[in-house]
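Note: the block below is protein_11.cif and it holds mmCIF, C-alpha atoms.
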```
data_data
#
loop_
_atom_site.label_atom_id
_atom_site.label_comp_id
_atom_site.auth_asym_id
_atom_site.auth_seq_id
_atom_site.Cartn_x
_atom_site.Cartn_y
_atom_site.Cartn_z
CA MET A 1 0.00 0.00 0.00
CA ALA A 2 1.32 3.42 -0.97
CA ASP A 3 1.96 6.00 1.73
CA LYS A 4 -0.78 8.25 0.33
CA LEU A 5 -4.29 6.98 0.98
CA ARG A 6 -7.79 7.49 -0.38
CA ILE A 7 -9.79 8.14 2.80
CA VAL A 8 -13.59 8.44 3.04
CA HIS A 9 -15.30 9.61 6.23
CA CYS A 10 -18.91 8.46 6.60
CA PHE A 11 -21.27 9.89 9.24
CA ARG A 12 -24.89 10.91 9.47
CA SER A 13 -25.41 14.37 10.90
CA PRO A 14 -23.03 17.21 9.91
CA VAL A 15 -23.49 19.11 13.19
CA GLY A 16 -21.86 19.13 16.59
CA GLY A 17 -18.77 17.28 17.75
CA ILE A 18 -18.64 14.56 15.10
CA PHE A 19 -18.63 17.11 12.30
CA ARG A 20 -16.00 19.15 14.10
CA HIS A 21 -13.85 16.03 14.54
CA VAL A 22 -14.13 15.10 10.87
CA ARG A 23 -13.28 18.64 9.73
CA ASP A 24 -10.11 18.74 11.82
CA LEU A 25 -9.11 15.25 10.78
CA THR A 26 -9.65 15.83 7.06
CA GLU A 27 -7.63 19.05 7.19
CA ALA A 28 -4.69 17.25 8.79
CA GLN A 29 -4.97 14.32 6.37
CA VAL A 30 -5.02 16.58 3.32
CA THR A 31 -1.94 18.38 4.67
CA ALA A 32 -0.26 14.96 4.96
CA GLY A 33 -0.92 14.35 1.24
CA HIS A 34 -3.88 11.99 1.42
CA SER A 35 -6.97 12.21 -0.83
CA VAL A 36 -10.03 12.65 1.37
CA GLY A 37 -13.79 12.65 0.89
CA ILE A 38 -16.94 12.94 3.02
CA VAL A 39 -20.28 11.12 2.79
CA CYS A 40 -23.03 12.35 5.12
CA ASP A 41 -26.71 13.24 5.50
CA SER A 42 -28.26 15.98 3.37
CA THR A 43 -31.30 16.69 5.58
CA THR A 44 -29.57 18.01 8.72
CA GLY A 45 -27.54 21.16 9.29
CA GLY A 46 -28.31 24.75 8.45
CA GLU A 47 -26.67 27.88 7.07
CA PHE A 48 -23.71 27.64 9.45
CA GLU A 49 -22.94 24.07 8.34
CA GLU A 50 -23.37 25.01 4.68
CA LEU A 51 -20.73 27.69 5.14
CA LEU A 52 -18.36 25.14 6.68
CA PHE A 53 -18.88 22.78 3.74
CA GLU A 54 -18.20 25.64 1.34
CA GLN A 55 -14.89 26.32 3.11
CA MET A 56 -13.90 22.64 2.87
CA LYS A 57 -14.94 21.65 -0.64
CA ASP A 58 -11.88 22.81 -2.58
CA MET A 59 -9.42 20.86 -0.43
CA LEU A 60 -11.21 17.49 -0.57
CA ALA A 61 -9.99 15.58 -3.63
CA LEU A 62 -12.71 12.93 -3.19
CA GLY A 63 -15.43 15.54 -2.68
CA ILE A 64 -18.37 16.10 -0.35
CA HIS A 65 -21.31 13.81 -1.01
CA ARG A 66 -24.60 14.41 0.80
CA THR A 67 -27.57 12.05 0.61
CA PRO A 68 -30.60 11.58 2.90
CA MET A 69 -29.88 9.35 5.91
CA GLN A 70 -32.47 8.55 8.58
CA ARG A 71 -31.50 8.91 12.22
CA HIS A 72 -33.49 5.84 13.29
CA VAL A 73 -33.71 2.43 11.68
CA GLY A 74 -36.68 2.19 9.31
CA PRO A 75 -37.88 1.26 5.81
CA GLY A 76 -36.19 4.33 4.33
CA ASP A 77 -32.84 2.88 5.37
CA LEU A 78 -32.80 0.49 2.41
CA ALA A 79 -32.94 3.24 -0.20
CA SER A 80 -30.55 5.41 1.82
CA ALA A 81 -28.10 2.55 2.24
CA TRP A 82 -28.12 1.73 -1.47
CA ARG A 83 -27.45 5.38 -2.45
CA THR A 84 -24.64 5.64 0.08
CA TYR A 85 -23.04 2.38 -1.03
CA ARG A 86 -23.00 3.48 -4.67
CA ILE A 87 -21.30 6.76 -3.72
CA ILE A 88 -18.65 5.02 -1.64
CA LYS A 89 -18.00 2.38 -4.29
CA GLU A 90 -17.30 5.07 -6.88
CA LEU A 91 -14.80 6.76 -4.54
CA ARG A 92 -12.66 3.58 -4.32
CA PRO A 93 -11.33 4.23 -0.80
CA HIS A 94 -8.36 2.54 0.85
CA VAL A 95 -9.80 3.59 4.21
CA LEU A 96 -13.49 3.83 5.13
CA HIS A 97 -13.83 5.56 8.50
CA GLY A 98 -17.31 5.53 10.05
CA HIS A 99 -18.27 7.99 12.80
CA GLY A 100 -21.25 7.54 15.12
CA ALA A 101 -23.76 4.69 15.06
CA LYS A 102 -25.13 5.20 11.55
CA GLY A 103 -21.80 6.10 9.93
CA GLY A 104 -20.15 3.19 11.70
CA ALA A 105 -22.74 0.73 10.45
CA TYR A 106 -22.52 1.99 6.87
CA ALA A 107 -18.71 2.08 6.80
CA ARG A 108 -18.35 -1.47 8.07
CA LEU A 109 -21.10 -3.01 5.95
CA PHE A 110 -20.13 -1.24 2.74
CA GLY A 111 -16.43 -1.80 3.35
CA SER A 112 -17.18 -5.50 3.69
CA LEU A 113 -19.17 -5.49 0.44
CA LEU A 114 -16.26 -3.81 -1.32
CA ARG A 115 -13.95 -6.52 0.03
CA VAL A 116 -16.21 -9.15 -1.52
CA SER A 117 -15.49 -7.50 -4.88
CA ARG A 118 -11.77 -7.74 -3.99
CA SER A 119 -11.23 -4.10 -3.11
CA ARG A 120 -8.69 -3.62 -0.30
CA VAL A 121 -10.54 -1.47 2.22
CA ALA A 122 -9.74 -0.84 5.89
CA ARG A 123 -12.93 -0.52 7.96
CA LEU A 124 -12.60 1.75 11.00
CA TYR A 125 -15.22 2.83 13.51
CA SER A 126 -15.30 5.75 15.97
CA PRO A 127 -18.44 5.51 18.18
CA HIS A 128 -18.31 9.14 19.47
CA GLY A 129 -20.80 8.07 22.14
CA GLY A 130 -23.53 7.20 19.63
CA SER A 131 -25.39 4.01 20.57
CA LEU A 132 -23.27 3.73 23.73
CA HIS A 133 -25.56 6.31 25.35
CA TYR A 134 -28.40 3.76 25.49
CA ASP A 135 -29.23 1.98 28.75
CA GLU A 136 -28.10 -1.63 28.48
CA ASN A 137 -31.13 -2.73 30.55
CA THR A 138 -33.70 -1.48 28.03
CA THR A 139 -34.94 -3.40 25.00
CA THR A 140 -33.55 -0.74 22.66
CA GLY A 141 -30.18 -0.81 24.38
CA LYS A 142 -29.96 -4.60 24.26
CA LEU A 143 -30.76 -4.52 20.54
CA PHE A 144 -28.12 -1.90 19.73
CA PHE A 145 -25.42 -3.59 21.78
CA ALA A 146 -26.19 -6.95 20.17
CA LEU A 147 -25.77 -5.22 16.80
CA GLU A 148 -22.46 -3.72 17.95
CA ARG A 149 -21.20 -7.18 18.93
CA PHE A 150 -22.27 -8.53 15.55
CA MET A 151 -20.67 -5.62 13.65
CA ALA A 152 -17.32 -6.14 15.40
CA ARG A 153 -16.60 -9.03 13.01
CA PHE A 154 -16.76 -6.53 10.12
CA THR A 155 -14.45 -4.02 11.82
CA ASP A 156 -10.68 -3.78 11.39
CA TYR A 157 -10.01 -1.13 14.04
CA LEU A 158 -11.91 0.70 16.80
CA LEU A 159 -10.97 4.26 17.74
CA PHE A 160 -12.21 5.65 21.07
CA VAL A 161 -12.15 9.39 21.85
CA SER A 162 -12.03 8.92 25.63
CA ASP A 163 -11.18 6.24 28.16
CA TYR A 164 -14.75 6.59 29.41
CA GLU A 165 -16.03 5.62 25.96
CA ARG A 166 -13.71 2.62 25.85
CA ARG A 167 -14.80 1.46 29.33
CA THR A 168 -18.46 1.91 28.38
CA TYR A 169 -17.99 -0.17 25.23
CA ARG A 170 -16.40 -2.95 27.28
CA ARG A 171 -19.20 -2.87 29.85
CA LYS A 172 -22.16 -2.66 27.47
CA VAL A 173 -20.88 -4.45 24.36
CA GLY A 174 -17.98 -6.55 25.60
CA GLU A 175 -14.22 -6.70 25.24
CA PRO A 176 -13.42 -5.70 21.63
CA PRO A 177 -12.16 -8.75 19.68
CA ILE A 178 -10.27 -6.43 17.32
CA PRO A 179 -7.44 -3.88 17.62
CA ASN A 180 -8.51 -0.68 19.35
CA THR A 181 -6.91 2.42 20.78
CA LEU A 182 -7.69 5.68 22.56
CA VAL A 183 -7.12 8.86 20.53
CA TYR A 184 -8.25 12.10 22.15
CA ASN A 185 -9.90 14.83 20.08
CA GLY A 186 -7.42 17.55 19.16
CA LEU A 187 -7.41 21.30 18.52
CA ARG A 188 -5.45 23.40 16.04
CA ALA A 189 -2.62 25.57 17.37
CA ALA A 190 -4.54 28.82 16.75
CA GLU A 191 -7.29 27.66 19.10
CA PHE A 192 -4.93 27.89 22.06
CA GLU A 193 -4.85 31.68 21.73
CA PRO A 194 -6.85 33.42 24.50
CA VAL A 195 -10.26 35.01 23.84
CA ILE A 196 -11.13 38.25 25.61
CA ALA A 197 -14.75 38.79 26.62
CA ALA A 198 -16.47 41.84 25.10
CA PRO A 199 -17.09 44.88 27.34
CA ASP A 200 -20.85 44.20 27.25
CA ALA A 201 -20.48 40.44 27.75
CA ALA A 202 -23.24 38.49 29.48
CA ASP A 203 -22.58 36.55 32.65
CA LEU A 204 -23.08 33.08 31.18
CA LEU A 205 -22.87 31.21 27.87
CA TYR A 206 -24.42 27.95 26.73
CA ILE A 207 -23.24 26.80 23.30
CA GLY A 208 -24.27 23.51 21.74
CA MET A 209 -27.10 21.49 20.30
CA MET A 210 -30.56 22.34 21.59
CA ARG A 211 -31.58 18.92 22.90
CA ASP A 212 -32.11 17.59 26.40
CA LEU A 213 -29.07 15.30 26.22
CA LYS A 214 -26.92 18.45 26.23
CA GLY A 215 -28.77 20.00 29.18
CA PRO A 216 -30.11 23.42 28.02
CA ASP A 217 -33.07 22.91 30.37
CA ILE A 218 -30.66 22.36 33.29
CA PHE A 219 -28.86 25.57 32.33
CA ILE A 220 -32.08 27.63 32.27
CA ASP A 221 -33.33 26.28 35.61
CA ALA A 222 -29.93 26.95 37.20
CA LEU A 223 -29.93 30.48 35.80
CA ALA A 224 -33.27 31.16 37.48
CA ASN A 225 -31.97 29.78 40.81
CA ALA A 226 -28.54 31.47 40.83
CA GLY A 227 -29.78 35.04 40.29
CA PRO A 228 -31.52 35.38 43.68
CA GLN A 229 -28.48 33.82 45.40
CA LEU A 230 -26.29 36.61 43.99
CA GLY A 231 -28.89 39.29 44.60
CA ARG A 232 -29.18 40.27 40.92
CA ALA A 233 -30.60 38.98 37.66
CA LEU A 234 -27.99 37.04 35.68
CA THR A 235 -27.67 37.51 31.93
CA ALA A 236 -27.07 34.66 29.52
CA VAL A 237 -26.53 33.88 25.85
CA MET A 238 -27.65 30.55 24.40
CA VAL A 239 -26.07 29.66 21.05
CA GLY A 240 -27.22 26.72 18.97
CA ASP A 241 -30.09 25.06 17.16
CA GLY A 242 -32.10 21.87 17.35
CA ASP A 243 -35.56 20.37 17.42
CA ASP A 244 -36.11 21.21 21.10
CA LEU A 245 -35.31 24.92 20.76
CA PRO A 246 -38.97 26.08 20.97
CA ARG A 247 -39.31 24.25 24.29
CA TYR A 248 -36.36 26.17 25.73
CA HIS A 249 -37.84 29.46 24.55
CA ALA A 250 -41.01 28.49 26.41
CA GLN A 251 -39.05 27.54 29.54
CA VAL A 252 -37.30 30.93 29.58
CA LYS A 253 -40.65 32.70 29.22
CA ARG A 254 -42.28 30.58 31.93
CA LEU A 255 -39.49 31.50 34.38
CA GLY A 256 -39.70 35.20 33.53
CA LEU A 257 -36.19 35.36 32.06
CA GLU A 258 -37.01 36.78 28.60
CA ARG A 259 -35.19 40.08 29.25
CA HIS A 260 -32.09 38.29 30.52
CA VAL A 261 -31.58 35.45 28.02
CA ARG A 262 -30.60 35.94 24.39
CA PHE A 263 -30.90 33.08 21.87
CA LEU A 264 -28.53 33.12 18.89
CA PRO A 265 -28.05 30.74 15.93
CA PRO A 266 -24.94 28.52 15.61
CA MET A 267 -21.64 30.38 15.21
CA PRO A 268 -17.91 29.61 15.59
CA ALA A 269 -17.15 28.80 19.22
CA ARG A 270 -14.48 31.48 19.61
CA GLU A 271 -16.94 34.15 18.46
CA ALA A 272 -19.42 32.92 21.04
CA PHE A 273 -16.83 32.92 23.84
CA ALA A 274 -16.48 36.69 23.56
CA LEU A 275 -20.17 37.07 24.41
CA ALA A 276 -19.93 35.98 28.05
CA GLU A 277 -17.67 35.74 31.09
CA LEU A 278 -18.34 32.11 32.07
CA VAL A 279 -19.09 29.08 29.86
CA ILE A 280 -21.44 26.32 31.03
CA VAL A 281 -21.55 22.75 29.67
CA PRO A 282 -24.52 21.09 31.45
CA SER A 283 -24.66 17.84 29.44
CA ARG A 284 -26.34 14.70 30.73
CA ALA A 285 -24.05 12.49 28.61
CA GLU A 286 -20.92 13.01 26.50
CA ALA A 287 -18.01 11.11 24.97
CA MET A 288 -15.23 13.73 24.62
CA PRO A 289 -16.87 17.09 23.83
CA TYR A 290 -14.93 19.55 21.72
CA ILE A 291 -16.63 22.51 23.35
CA VAL A 292 -14.89 21.77 26.67
CA LEU A 293 -11.49 21.60 24.96
CA GLU A 294 -12.19 24.75 22.94
CA THR A 295 -13.29 26.69 26.00
CA LEU A 296 -10.24 25.81 28.08
CA ALA A 297 -7.83 26.32 25.16
CA ALA A 298 -9.25 29.83 24.72
CA GLY A 299 -8.48 30.60 28.36
CA MET A 300 -12.15 30.84 29.34
CA PRO A 301 -13.39 29.78 32.77
CA MET A 302 -16.13 27.18 32.75
CA ILE A 303 -18.37 24.83 34.69
CA ALA A 304 -19.03 21.38 33.22
CA THR A 305 -20.85 18.25 34.24
CA SER A 306 -18.73 15.29 35.31
CA VAL A 307 -20.01 12.96 32.58
CA GLY A 308 -18.34 10.90 29.86
CA GLY A 309 -14.74 11.85 29.15
CA ILE A 310 -14.97 15.37 30.62
CA PRO A 311 -13.16 14.45 33.89
CA GLU A 312 -10.25 13.18 31.75
CA ILE A 313 -9.76 16.79 30.58
CA PHE A 314 -10.03 18.49 33.99
CA GLY A 315 -8.66 15.75 36.20
CA THR A 316 -10.76 14.04 38.86
CA GLY A 317 -11.75 16.21 41.78
CA SER A 318 -11.72 19.47 39.83
CA PRO A 319 -13.99 22.13 41.42
CA ALA A 320 -15.22 22.96 37.91
CA LEU A 321 -17.06 19.61 37.70
CA ILE A 322 -20.63 19.07 38.90
CA ARG A 323 -23.47 16.61 38.49
CA PRO A 324 -26.08 17.42 35.79
CA ASP A 325 -28.34 19.00 38.39
CA PRO A 326 -29.75 22.57 38.25
CA VAL A 327 -29.41 23.16 42.00
CA GLU A 328 -25.75 22.12 42.04
CA LEU A 329 -25.08 24.13 38.88
CA ALA A 330 -26.72 27.24 40.36
CA ASP A 331 -24.56 27.00 43.46
CA ARG A 332 -21.37 26.65 41.36
CA MET A 333 -22.44 29.59 39.15
CA ARG A 334 -22.80 31.70 42.30
CA GLN A 335 -19.33 30.74 43.52
CA ALA A 336 -17.68 31.39 40.16
CA LEU A 337 -19.34 34.76 39.57
CA ALA A 338 -18.75 35.95 43.14
CA ASP A 339 -14.96 35.86 42.60
CA PRO A 340 -14.20 35.44 38.86
CA ALA A 341 -10.43 35.93 39.21
CA ALA A 342 -10.09 33.21 41.85
CA TYR A 343 -12.29 30.82 39.88
CA ARG A 344 -10.29 31.31 36.67
CA LYS A 345 -7.15 30.06 38.48
CA LEU A 346 -8.85 26.69 39.00
CA MET A 347 -8.85 25.87 35.27
CA PRO A 348 -6.33 23.35 33.78
CA ASP A 349 -2.95 24.63 32.56
CA GLY A 350 -2.90 25.60 28.85
CA ALA A 351 0.51 24.06 28.08
CA SER A 352 -0.49 20.62 29.36
CA LEU A 353 -3.77 20.81 27.45
CA LYS A 354 -1.91 21.56 24.21
CA ALA A 355 0.44 18.61 24.70
CA ARG A 356 -2.44 16.17 25.22
CA PHE A 357 -5.11 17.57 22.91
CA GLY A 358 -3.32 18.89 19.81
CA ALA A 359 -4.79 18.15 16.37
CA ASP A 360 -1.35 17.04 15.14
CA VAL A 361 -1.18 14.38 17.85
CA MET A 362 -4.71 13.19 17.04
CA ALA A 363 -4.12 12.94 13.28
CA ALA A 364 -0.79 11.12 13.64
CA ASP A 365 -2.28 8.48 15.97
CA ILE A 366 -5.28 7.90 13.69
CA GLU A 367 -3.00 7.57 10.64
CA LYS A 368 -1.08 4.84 12.49
CA ALA A 369 -4.38 3.02 13.03
CA TYR A 370 -5.19 3.26 9.32
CA PHE A 371 -1.92 1.67 8.26
CA ALA A 372 -2.20 -0.97 10.98
CA ALA A 373 -5.66 -1.90 9.67
CA LEU A 374 -4.40 -2.09 6.09
CA ASP A 375 -1.49 -4.33 7.14
CA LYS A 376 -3.81 -6.96 8.62
#
```
Can you give me the file's structure in the form of structure tokens?
Amino acid sequence: MADKLRIVHCFRSPVGGIFRHVRDLTEAQVTAGHSVGIVCDSTTGGEFEELLFEQMKDMLALGIHRTPMQRHVGPGDLASAWRTYRIIKELRPHVLHGHGAKGGAYARLFGSLLRVSRSRVARLYSPHGGSLHYDENTTTGKLFFALERFMARFTDYLLFVSDYERRTYRRKVGEPPIPNTLVYNGLRAAEFEPVIAAPDAADLLYIGMMRDLKGPDIFIDALANAGPQLGRALTAVMVGDGDDLPRYHAQVKRLGLERHVRFLPPMPAREAFALAELVIVPSRAEAMPYIVLETLAAGMPMIATSVGGIPEIFGTGSPALIRPDPVELADRMRQALADPAAYRKLMPDGASLKARFGADVMAADIEKAYFAALDK
């Protein structure tokens, strides 16, 4: 196999952390001389994501291919799967890297079909949380984890973005019978430059997908509780989009916070950081969220829930970590805003973050996995 590869990344939804991960990875792979392409859903994402695709298209030799993909399993999957397979087959990849549950299933199945036709394809899978968020005691969870065990036989290499994700896979699915490794998400060097809050910055920022898994409702309830504790109304900016957004608008109105909370559409994280003094990540579940890395790299103070791989970033016992509970979050907001300078000193050191979570480190480790899979 030549040193320069034809790499195709397959995933469903071009939003959030998976899309961010793929963008960083493709940029590093193109710089390394590989030919890269993307296959993903055409029905999700908005203007912000379209702009990101526009910025990427000229550097991807194998192109950007968008086709409808359902989130849940259903009859439409057959037509979607056939369209996706035909696209991938025409791209003739050496490496087919699936991200998330749907992308992982497609990459492994279609890579196996290509192998039947004697194409040499390495099949890699990065869960990014995905189906691992399901409860293993529910019928749905049992079904998904049985499918994961079955799909392992069609997988050449597993890539985990956090030790938490790897432990969860072992507990819910079983010990992987295939090579696997931990590769943390990574940031570009420019993202370790500090961001200065604007003079008219709000107290608090939520940035992320507008769905309960990410905790916007926890953030809003905590905002309502923390204001009276500090003796003043707190101001907040909420940046993002999603199906549950109207419900959060209603929650803000019900709590009488309309004059204090501003909703904005998706934007680059570093632009959003300048809008507030303190960043909140109130997620109920995560794998290894980019927004935590981006916030700390930018020198911003934050409060985050101790879920998924987040403690691996801060270190266990960090005072910045809480449970996904509005009362606990409100109390930590009060402490942080009462003495911002003291709270900022509690954040992890920037130099150590850069050494562990650099995009160059991430891309090099994933490239090693590609070649290891091709050498099997």
Task: Residues near segment 330-336 of chain A, cut-off 7 Å, all atoms listed in the file, skip fewer than 4 positions along chain, as number ranges by chain - done: A: 222-223, 225-226, 229-230, 326, 340, 343
Open item on the list: To test your reading of the syntax: which residues would the PyMOL selection byres ((chain A and resi 260) around 9) return for the file shown? Reply as a list in words.
Closed with: Ala202, Ala233, Leu234, Thr235, Ala236, Val237, Gly256, Leu257, Glu258, Arg259, Val261 and Arg262 of chain A
TODO: Counting all atoms listed in the file, figure out which residue out of A:Ile280, A:Ser306, A:Tyr125, A:Gly174 gets nearest to Phe145 of chain A.
DONE: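 The answer is A:Gly174, which sits nearest to Phe145 of chain A.
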Task: Interatomic distance, atom CA of Arg123 of chain A to atom CA of Ile87 of chain A (Å, one decimal) - done: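 Rounded to one decimal, the two atoms are 16.1 Å apart.
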TODO: Determine, counting only C-alpha atoms, which protein, DNA and RNA residues have an atom within 12 Å of an atom of Thr31 of chain A; residues of the same chain fewer than 2 positions away are not included. Present the result as a ChimeraX atom specification.
DONE: /A:4,24-29,33-36,59-61,360,363-364
- [ ] State, in Å with one decimal place, the distance from atom CA of Met288 of chain A to atom CA of Pro319 of chain A.
- [x]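 So the answer is 18.8 Å.
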- [ ] Record the distance separating atom CA of Val116 of chain A and atom CA of Arg92 of chain A, expressed in Å with one decimal.
- [x]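 It comes out at 13.5 Å.
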Might you spell out which residues the PyMOL selection byres ((chain A and resi 13) around 7) would select in the displayed file, as a PDB file with C-alpha atoms, in the coordinates of the input?
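Saved file selection11.pdb follows:
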```
ATOM      1  CA  PHE A  11     -21.270   9.890   9.240  1.00  0.00           C
ATOM      2  CA  ARG A  12     -24.890  10.910   9.470  1.00  0.00           C
ATOM      3  CA  PRO A  14     -23.030  17.210   9.910  1.00  0.00           C
ATOM      4  CA  VAL A  15     -23.490  19.110  13.190  1.00  0.00           C
ATOM      5  CA  CYS A  40     -23.030  12.350   5.120  1.00  0.00           C
ATOM      6  CA  ASP A  41     -26.710  13.240   5.500  1.00  0.00           C
ATOM      7  CA  THR A  44     -29.570  18.010   8.720  1.00  0.00           C
TER       8      THR A  44
END
```
